[in-house]
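Inspection log for the structure reproduced underneath, given as structure tokens.
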Amino acid sequence: MISVEGVTKKYGAVTAVDDLSFTVEKGEVVGFLGPNGAGKTTTMRMITGTLQPDEGAVLFDGSAITDDLTGAKQRVGYLPEANPLYDEMLVAEYLEHVAELRGLSPDEARGGIADAVDETGLGEVFYRPIGQCSKGYRQRVGLAGAILHRPEVLVLDEPTEGLDPNQRVEIRRLVGSLGRERTVLLSTHVMQEVEATCSRLVILNEGRLAADGSVDELLASLAGAPRYVVEAAGPEVADTLARLPGVSEHSSAEVDGRVRVVLDASGDEDLRPIIFGLAKDREWTLWELHRERASLEQVFRNLTVRAEPAPDVGAGEERTPNGTGGDGTMASEVDA
């Protein structure tokens with residue numbers, strides 16, 4: 001549904017996005033990851049049509065969005081990281097204002113607002129001033145504004161930033177439910193959100209594509225050697241485990257009268273059945289046995305730690321000195 005083809009965007013001497021290409025299929029929930037300054041926000045703004053690339057193109061269903069920029073923007077809902085809201089407005093007034101900006105008819109506005117309020121759970125605060133809403137509800141208001149025109153594509157930039165753990169869980173569930181009927185591009189630094197909501201990952205580093213694939217594919221291809229953790233009581237536990245076939249490195253420590261051994265192994269054979277058999281034959285008391293699964297944080301770090309991050313040209317640096325966006329539009333126009 002979305003195709004980013006050879007896109008490059010520069011801010012003066014700084015190249016924020018460098019010859020970037022990837023696709024997002026209809027109905028996918030794609031995690032859009034990268035360190036600060038990797039070009040995520042710039043790319044998302046080009047997908048939403050609020051910035052234009054210097055080179056390359058963004059396509060919806062095979063057609064460049066510049067062919068019909070207004071029509072392309074109508075297909076997209078965007079929640080920027082800053083989530084600009086008018087604190088003095090009631091939630092109801094704000095959503096009516098967004099519907100008016102979107103050019104919805106009165107009937108379309110009523111239906112769209114009703115559905116958005118229902119999906120985001122805003123009924124309790126619908127007639128409350130936005131300034132009196134919690135951070136979690138403010139994010140819900142932003143999400144409601146992004147979906148009330150019933151977009152096919154939802155672009156979310158750090159939707160849980162600044163929320164407490166309970167609020168993060170609520171917004172994570174909400175994003176997961178919104179993704180059942182829409183194509184979603186989700187930028188976040190919280191790996192639990194990625195694993196819970198995303199079917200695929202696109203990882204950027206220094207404006208370039210660093211990786212593209214499912215969570216399992218990236219873990220399998222980049223995780224490295226498997227690691228086993230064994231905690232047991234009995235004779236010669238550490239020495240016996242260190243001699244297992246395929247073990248390349250090992251470490252051990254005494255823990256409450258037991259031995260805790262960490263094994264790094266090579267090869268495809270799972271050592272857990274062998275270790276369990278050894279424990280049974282040698283009459284060890286086995287307290288713990290598991291194979292560690294590489295984390296997304298490790299994969300992310302492997303892909304992005306090679307170089308210092310470029311200057312952050314995300315939310316702050318993309319403003320020109322007169323307060324306009326990088327494409328000359330005012331901040332309020334970009335955010336809307």
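Letters A, B, ... go to the chains of the structure tokens in the order shown; residues in each chain start at 1; ligands are counted from 1 in the same order.
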
Residues near A:Leu263, cut-off 8 Å, only C-alpha atoms, skip fewer than 5 positions along chain, as an mmCIF file with C-alpha atoms, in the first residue's frame:
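File written: around_32.cif
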data_model
loop_
_atom_site.group_PDB
_atom_site.id
_atom_site.type_symbol
_atom_site.label_atom_id
_atom_site.label_comp_id
_atom_site.auth_asym_id
_atom_site.auth_seq_id
_atom_site.Cartn_x
_atom_site.Cartn_y
_atom_site.Cartn_z
ATOM 1 C CA ARG A 227 23.077 -19.034 25.366
ATOM 2 C CA TYR A 228 21.994 -21.488 28.065
ATOM 3 C CA VAL A 229 21.640 -20.800 31.765
ATOM 4 C CA LEU A 241 28.643 -28.763 31.084
ATOM 5 C CA ALA A 242 31.738 -27.015 29.739
ATOM 6 C CA VAL A 247 30.091 -25.045 23.824
ATOM 7 C CA SER A 248 32.451 -22.208 22.921
ATOM 8 C CA GLU A 249 32.486 -20.222 26.165
ATOM 9 C CA HIS A 250 31.255 -20.764 29.685
ATOM 10 C CA SER A 251 31.233 -19.082 33.073
#

**OP:** Would you list, as a PyMOL selection string, the residues of stretch 81-228 of chain A that end up in helix (DSSP H, G or I) under DSSP run on this structure's backbone?
**Re:** chain A and resi 91-101+106-120+123-125+130-132+135-147+165-178+191-197+215-222

Subject >> DSSP strand (DSSP E or B) residues within stretch 33-269 of chain A, as a PyMOL selection string >> reply: chain A and resi 33+55-60+63-64+76-79+90+129+153-157+183-187+200-205+208-213+227-233+247-255+258-265

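Here atom CA of A:Glu181 is placed at a distance of 6.7 Å from atom CA of A:Gly27.
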
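Neighbouring residues of A:Leu204 at 6 Å or closer, counting only C-alpha atoms and skipping chain neighbours under 5 positions away, are Gly34, Ala38, Leu209 and Ala210 of chain A.
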
Original post:
What's the 7 Å shell around stretch 57-72 of chain A, counting only C-alpha atoms, without same-chain residues fewer than 3 positions away, as a PyMOL selection string?
Top reply: chain A and resi 1-7+47+49+53+75-76

Pull C-alpha atoms from the residues just selected and write them as a compact mmCIF listing (two decimals), in the first residue's frame.
# COMPACT_ATOMS: atom_id res chain seq x y z
CA MET A 1 0.00 0.00 0.00
CA ILE A 2 2.87 2.37 0.87
CA SER A 3 6.08 2.37 -1.15
CA VAL A 4 9.04 4.57 -0.23
CA GLU A 5 11.36 4.57 -3.24
CA GLY A 6 14.87 6.00 -3.07
CA VAL A 7 13.84 8.90 -0.84
CA ILE A 47 4.73 9.71 4.02
CA GLY A 49 2.71 14.57 2.68
CA PRO A 53 11.59 14.57 -0.55
CA ARG A 75 -6.04 8.69 3.33
CA VAL A 76 -3.64 9.25 6.24

**OP:** Please measure the separation of atom CA of A:Tyr94 and atom CA of A:Phe32, giving the value in Å to one decimal.
**Re:** 28.4 Å

**OP:** Counting only C-alpha atoms, figure out which residue out of A:Val30, A:Leu154, A:Leu148, A:Leu178 gets nearest to A:Glu96.
**Re:** A:Leu148

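Using only C-alpha atoms, the shortest contact distance between A:Leu79 and any of A:His189, A:Arg260, A:Arg180, A:Arg138 is found at A:Arg138.
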